[in-house]
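Let me begin by presenting the structure, written as C-alpha cells, before commenting on it.
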Amino acid sequence: MTFASPRVVLHLSGRPWLVGSWADDQIATATAGQVRLAVFGDCPVGEERLSKLASAITTLTDVDALASRLPGSVHLLASVDGQVRAQGSISGLNRIFHTRLDGVHVASDRADVLAGMIGAAVDEQSLAVRMAGGLALAPPLNERSLWTGISSLAPDRCLEWTRDQADERVWWNPPAPQLSLRDGAVGVREALTTAVQDRAPADGRVSADLSGGMDSTSLCFLAARHTPTMLTLRWAEADAANDDADFAGRAIRALDRAEHLVIAQRELPSIFDLENTPVEAEQPLVTNRAAARLRHNAQLLARHGFRRHLAGHGGDELFVPFPGYLAPLLRHHRALALRRLRQNRALKRWPLRPALTGLLRPGTVAGWWHAQADNLGTPLPPRAPALGWGLQAVQAPPWMTPAGLDLVRQALRDTAQQARPLSDDLGQHQTLLAVRTTAAHYRLTARIFADAGVRLDLPYYDPRVLEAVLRVRTHEHADPRHYKPLLAEAMRGIVPSAILGRSTKGEFGQDLRQGLTDNLPAILNLFADSALARRGLVDVDTLRTRLLAPQRDLSTVFALEALLGCELWLRTATSPRPTA
C-alpha cells in the first residue's frame with residue numbers, strides 16, 4: 001500500500017518521523033525542549049495538556065508514567081533527544097507492527113502497509129491457525145502477523161529505537177487485585193465516566209448501541225448525562241424468545257430525551273451476506289457473519305450526520321470472569337472455592353472429574369498450549385470448564401487438510417515455548433486473555449465504521465477501565481449467582497435497577513441459521529474455486545458435505561465464519577494492492 005497524499009510529522013531535526021494518512025482530530029502533538037510526543041486515537045487530551053506532560057519527560061523510560069495516565073485507546077509515540085518509542089494500548093485494540101526496510105527498522109499500526117513496503121508473502125502457518133482457532137484464538141498466537149517478515153508488538157510492550165536498531169521492552173504489568181467489589185466499583189464507575197464523557201466529535205452527532213444488554217445500556221445512560229439528545233440504535237432480533245427487546249424498551253422509556261432507532265430484520269443484510277461483506281486487507285475478519293450489517297449501520301449513521309458511535313463490546317470479557325480464579329482461591333479460601341465449584345456445577349452442569357482435575361492441577365501456560373497441540377482434531381469433553389491457563393480449546397474444523405493440521409500443530413508447539421503468563425494471578429491472566437482475544441477482532445470492526453466516516457468508540461477497552469477492573473479481587477465479582485455484579489454495582493444510581501437486575505443474555509441462533517440457509521448457495525459457489533484449497537489447506541468436498549448436512553448445533557456455523565474470513569482475506573491479500 002502507498003499513500004497518495006501522505007501527511008508527515010517531523011523530528012526536531014527536520015527529518016520525517018511519522019508518515020501516513022489521518023484526520024486532524026485523530027492526532028495530538030506536543031513539543032517540550034528535546035521531547036516530541038504524538039498521540040493517535042480516541043484520547044481527550046489537547047495539545048496544551050500534552051505539552052505540560054511532555055515537559056516532565058527527560059528519558060524514554062519517563063514515558064511509562066505518561067502512558068499510565070492517558071485516558072482512551074491510543075497509539076503513543078515519543079521522540080526524546082534523538083531516541084524514539086512507539087506503543088499501542090494495553091488492551092490490544094491499538095497495535096504496532098514492525099520490520100526492517102533497507103536496513104532501517106520501521107513500524108506501523110497496520111501490518112499490510114509494512115507488507116507492501118517489503119514485498120512480504122502470506123504466512124500460511126498463521127493463516128491455518130486462524131482457520132482452526134477463529135474468534136476464540138488466544139494471545140500470543142492470535143496476535144501474530146499474517147505476513148512473513150512482519151513482527152507484532154505485544155500490547156504490554158513498547159518499541160524503542162537507538163539509532164537504526166529497535167528493541168522491545170515490557171513497560172506495563174497488571175495492578176494487584178486487592179480491592180473489594182464495593183471499593184472497586186467506585187474506580188470502575190470513575191473510569192467509565194471519564195471514558196464516555198467529553199468525547200464528542202469535532203462535527204456531527206453521537207449515537208450508541210442499545211441492544212438491551214447491560215453493557216451497551218450502561219454506556220447509553222452514561223453518555224446521556226452529557227449528550228441527552230443522542231441517538232440509540234439497535235436491530236430487531238429474528239428469535240422471538242430473545243428478551244433483549246424488552247430490556248431495551250425499558251431503557252428507551254427512561255432515556256426520554258434521546259432519539260431511538262430500531263432497524264427491522266427485513267431492512268438488514270442477512271447474516272453471511274457475502275456480496276456486502278467488507279474485507280480487511282491486514283488480516284482475516286473472522287467475525288464476518290454480521291459484517292454486512294455493521295457496514296449497513298455505519299453507512300446509515302454517516303448519512304444522518306453521526307460521527308461517533310458508542311458500542312458495548314468488551315463488557316462480557318471484563319465483567320464475566322472465567323473460572324480459572326478458583327484454583328488460587330482454593331489455596332487461600334478453601335471453603336469458598338469449593339462452594340463456588342458446587343454452584344458452577346449446578347448452574348453450568350460441569351462434569352465432576354474435569355472440574356476437580358482443573359481445580360487441583362491448573363498446570364502451566366506452556367502445558368496448556370502443548371495440550372492444544374496434542375489434542376488437535378480430537379473431540380472435547382462436553383462442558384469442560386476453563387480452569388487452566390487458557391480459555392477455549394483450539395478445535396480444527398473437519399475440512400482442514402492433514403497439511404493444514406500439521407501447520408497448526410507446529411504453531412501450537414512453538415507457542416508453548418514462548419508463551420508467558422499475562423499475570424501471576426490466574427484469574428487476572430484469563431481476563432487479560434479474554435480482552436486481548438476479542439480486541440484483535442474489534443479493531444477490524446472499528447475500521448468498517450471508519451470507512452463510512454464514523455468513529456467506533458469502545459469504552460470497555462479503555463486502558464483505565466481495564467485497570468480498574470483488574471484491581472478488584474476476581475472472586476468478588478465472579479459470583480455465579482449474580483450477573484455482572486461489578487458492573488451492576490458501578491452503575492447503581494445511573495442505570496435503572498430493573499435493567500441492572502437482568503440475569504439473561506440475548507440469543508441469536510435463529511439469525512445464524514436463517515443466514516446460513518439464505519446464503520448457502522453463494523458460499524458453496526465461493527469455494528468451488530477456493531484460494532485456500534489451492535494452497536492445500538481446505539478439503540472442499542468435506543466442506544460441501546458438512547454444509548449440506550443437517551446442523552445439530554451451531555459449531556459448524558462458527559467454524560465456517562473463520563473459514564470465510566480467511567478465504568476472503570487471502571483473495572484480497574494476493575491481489576494487486578490499491579493506492580490508499
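Labels for the C-alpha cells follow display order: chains A, B, ..., residues from 1 in each chain, ligands from 1.
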
Q: Would you list the contacts of A:Ala176 as a ChimeraX atom specification, taking every protein, DNA or RNA residue within 10 Å and counting only C-alpha atoms, but skipping same-chain residues closer than 2 positions in sequence?
A: /A:173-174,178-179,423-425,428,467,470-473

Q: Output as a PyMOL selection string all residues of stretch 334-450 of chain A that backbone DSSP marks as alpha helix (DSSP H).
A: chain A and resi 334-348+352-360+365-375+402-418+426-450

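The neighbours of A:Glu476 here are the residues that come within 10 Å of it, using only C-alpha atoms and leaving out any residue fewer than 4 positions away in the same chain; they are Leu179, Ser180, Leu181, Arg182, Gly184, Val472, Pro485 and Leu486 of chain A.
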
Can you write just those residues out, N, CA and C atoms, as a short mmCIF file (atom, residue, chain, number, x, y, z; two decimals), in the first residue's frame?
```cif
data_model
loop_
_atom_site.label_atom_id
_atom_site.label_comp_id
_atom_site.auth_asym_id
_atom_site.auth_seq_id
_atom_site.Cartn_x
_atom_site.Cartn_y
_atom_site.Cartn_z
N LEU A 179 -8.78 -4.98 45.72
CA LEU A 179 -9.97 -4.25 46.15
C LEU A 179 -11.18 -5.16 46.28
N SER A 180 -12.05 -4.78 47.20
CA SER A 180 -13.33 -5.48 47.32
C SER A 180 -14.25 -5.05 46.17
N LEU A 181 -15.36 -5.76 46.02
CA LEU A 181 -16.32 -5.42 44.97
C LEU A 181 -16.82 -3.98 45.14
N ARG A 182 -17.18 -3.61 46.34
CA ARG A 182 -17.75 -2.27 46.56
C ARG A 182 -16.72 -1.18 46.31
N GLY A 184 -13.93 -1.44 44.55
CA GLY A 184 -13.52 -1.48 43.15
C GLY A 184 -14.55 -0.88 42.23
N VAL A 472 -9.82 -5.29 41.18
CA VAL A 472 -10.81 -5.94 42.03
C VAL A 472 -10.48 -7.42 42.14
N PRO A 485 -21.95 -8.60 38.61
CA PRO A 485 -22.17 -7.80 39.83
C PRO A 485 -21.28 -6.57 39.93
N LEU A 486 -20.05 -6.60 39.37
CA LEU A 486 -19.18 -5.43 39.45
C LEU A 486 -19.74 -4.28 38.62
#
```

(Q) as a list in words, please: the residues near stretch 451-463 of chain A (cut-off 7 Å, only C-alpha atoms, same-chain neighbours under 6 positions excluded). (A)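 Once the adjacent positions are removed, what remains is Pro71, Gly72, Ser73, Ser89, Ile90, Ser91, Leu192, Ala195, Val196, Ala298, Gln299, Ala302, Phe306, Arg307, Arg308, His309, Leu310, Ala311, Gly312, His313, Gly314 and Gly315 of chain A.
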
Q | Contacts of A:Gly33 at 10 Å (only C-alpha atoms; same-chain gap of 6+ positions) as a list in words | A | Leu12, Ala54, Ser55, Ile57, Thr58, Val80 and Asp81 of chain A

Output the selection as a tab-separated table (two decimals), in the first residue's frame - C-alpha atoms for each residue.
```
chain	number	residue	atom	x	y	z
A	12	LEU	CA	13.06	18.13	15.78
A	54	ALA	CA	5.89	16.35	27.72
A	55	SER	CA	7.78	18.85	29.90
A	57	ILE	CA	9.89	13.74	30.32
A	58	THR	CA	13.69	13.55	30.17
A	80	VAL	CA	13.39	12.08	23.32
A	81	ASP	CA	16.76	13.59	22.47
```

**Q.** Selection: 12 Å around A:Leu512, only C-alpha atoms, excl. self and same-chain fewer than 2 positions, as a PyMOL selection string
**A.** chain A and resi 237-239+270-273+288-290+507-510+514-520+551+553-558+560-561

(Q) What's around A:Leu356 at 12 Å? Count only C-alpha atoms, leave out sequence neighbours fewer than 2 positions away in its own chain, and write the answer as a list in words. (A)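 Answer for this query is Leu326, Ala327, Leu330, Ala337, Leu338, Leu341, Arg342, Arg345, Trp350, Pro351, Leu352, Arg353, Pro354, Gly358, Leu359, Leu360, Arg361, Pro362, Ala384, Pro385, Ala386, Leu387 and Gly388 of chain A.
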
With only C-alpha atoms counted and 12 Å as the cut-off, give the residues of stretch 65-141 of chain A in contact with stretch 370-373 of chain A, each with its shortest interatomic distance in Å and the pair that gives it, as CSV.
```
residue,atom,partner,partner_atom,distance
A:Val129,CA,A:Ala373,CA,11.4
A:Ala132,CA,A:Gln372,CA,11.2
A:Gly133,CA,A:Gln372,CA,10.6
A:Leu137,CA,A:Gln372,CA,11.2
A:Ala138,CA,A:Gln372,CA,11.6
```

Q: Can you work out which one of A:Leu432, A:Ala224, A:Leu70, A:Ala440 has the shortest atom-to-atom distance to A:Pro44, counting only C-alpha atoms?
A: A:Leu70

Q. To one decimal place, how far is atom CA of A:Ser575 from atom CA of A:Val286 in Å?
A.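 Atom-to-atom, atom CA of A:Ser575 to atom CA of A:Val286, that is 19.5 Å.
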
Q: Please indicate the distance in Å from atom CA of A:Ala573 to atom CA of A:Pro284, rounded to one decimal place.
A: 9.6 Å

Q. How many Å lie between atom CA of A:Ala291 and atom CA of A:Leu444, rounded to one decimal?
A.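 Computed distance, atom CA of A:Ala291 to atom CA of A:Leu444, equals 10.1 Å.
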
Q) Please, which residues of stretch 289-350 of chain A, numbered as in this document, come out strand (DSSP E or B) from DSSP, as a ChimeraX atom specification? A) /A:306-310

Limited to all heavy atoms, could you put the picked residues into a file as a PDB file, in the first residue's frame?
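New file again.pdb:
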```
ATOM      1  N   PHE A 306     -24.043  11.342  11.929  1.00  0.00           N
ATOM      2  CA  PHE A 306     -23.436  10.857  13.167  1.00  0.00           C
ATOM      3  C   PHE A 306     -21.963  10.532  12.902  1.00  0.00           C
ATOM      4  O   PHE A 306     -21.647   9.881  11.906  1.00  0.00           O
ATOM      5  CB  PHE A 306     -24.183   9.637  13.697  1.00  0.00           C
ATOM      6  CG  PHE A 306     -25.579   9.969  14.157  1.00  0.00           C
ATOM      7  CD1 PHE A 306     -26.653   9.860  13.293  1.00  0.00           C
ATOM      8  CD2 PHE A 306     -25.805  10.419  15.442  1.00  0.00           C
ATOM      9  CE1 PHE A 306     -27.937  10.191  13.707  1.00  0.00           C
ATOM     10  CE2 PHE A 306     -27.082  10.748  15.870  1.00  0.00           C
ATOM     11  CZ  PHE A 306     -28.145  10.640  14.994  1.00  0.00           C
ATOM     12  N   ARG A 307     -21.090  10.968  13.791  1.00  0.00           N
ATOM     13  CA  ARG A 307     -19.652  10.801  13.570  1.00  0.00           C
ATOM     14  C   ARG A 307     -18.958  10.002  14.678  1.00  0.00           C
ATOM     15  O   ARG A 307     -17.797   9.642  14.544  1.00  0.00           O
ATOM     16  CB  ARG A 307     -18.985  12.185  13.439  1.00  0.00           C
ATOM     17  CG  ARG A 307     -19.450  12.961  12.212  1.00  0.00           C
ATOM     18  CD  ARG A 307     -18.980  12.276  10.931  1.00  0.00           C
ATOM     19  NE  ARG A 307     -19.460  12.962   9.736  1.00  0.00           N
ATOM     20  CZ  ARG A 307     -20.550  12.602   9.060  1.00  0.00           C
ATOM     21  NH1 ARG A 307     -21.271  11.555   9.477  1.00  0.00           N
ATOM     22  NH2 ARG A 307     -20.925  13.255   7.995  1.00  0.00           N
ATOM     23  N   ARG A 308     -19.661   9.760  15.774  1.00  0.00           N
ATOM     24  CA  ARG A 308     -19.099   8.942  16.850  1.00  0.00           C
ATOM     25  C   ARG A 308     -20.165   7.985  17.336  1.00  0.00           C
ATOM     26  O   ARG A 308     -21.295   8.395  17.613  1.00  0.00           O
ATOM     27  CB  ARG A 308     -18.622   9.824  18.008  1.00  0.00           C
ATOM     28  CG  ARG A 308     -18.121   9.014  19.207  1.00  0.00           C
ATOM     29  CD  ARG A 308     -17.939   9.921  20.410  1.00  0.00           C
ATOM     30  NE  ARG A 308     -17.605   9.163  21.606  1.00  0.00           N
ATOM     31  CZ  ARG A 308     -17.967   9.501  22.834  1.00  0.00           C
ATOM     32  NH1 ARG A 308     -18.694  10.582  23.034  1.00  0.00           N
ATOM     33  NH2 ARG A 308     -17.628   8.759  23.875  1.00  0.00           N
ATOM     34  N   HIS A 309     -19.795   6.702  17.421  1.00  0.00           N
ATOM     35  CA  HIS A 309     -20.779   5.687  17.809  1.00  0.00           C
ATOM     36  C   HIS A 309     -20.212   4.856  18.954  1.00  0.00           C
ATOM     37  O   HIS A 309     -19.136   4.262  18.853  1.00  0.00           O
ATOM     38  CB  HIS A 309     -21.110   4.788  16.620  1.00  0.00           C
ATOM     39  CG  HIS A 309     -22.179   3.787  16.910  1.00  0.00           C
ATOM     40  ND1 HIS A 309     -23.510   4.140  17.078  1.00  0.00           N
ATOM     41  CD2 HIS A 309     -22.123   2.425  17.094  1.00  0.00           C
ATOM     42  CE1 HIS A 309     -24.225   3.048  17.331  1.00  0.00           C
ATOM     43  NE2 HIS A 309     -23.407   2.008  17.354  1.00  0.00           N
ATOM     44  N   LEU A 310     -20.942   4.820  20.064  1.00  0.00           N
ATOM     45  CA  LEU A 310     -20.549   4.040  21.243  1.00  0.00           C
ATOM     46  C   LEU A 310     -21.054   2.607  21.120  1.00  0.00           C
ATOM     47  O   LEU A 310     -22.199   2.386  20.728  1.00  0.00           O
ATOM     48  CB  LEU A 310     -21.136   4.658  22.509  1.00  0.00           C
ATOM     49  CG  LEU A 310     -20.529   5.958  23.020  1.00  0.00           C
ATOM     50  CD1 LEU A 310     -21.479   6.620  24.003  1.00  0.00           C
ATOM     51  CD2 LEU A 310     -19.200   5.676  23.687  1.00  0.00           C
TER      52      LEU A 310
END
```
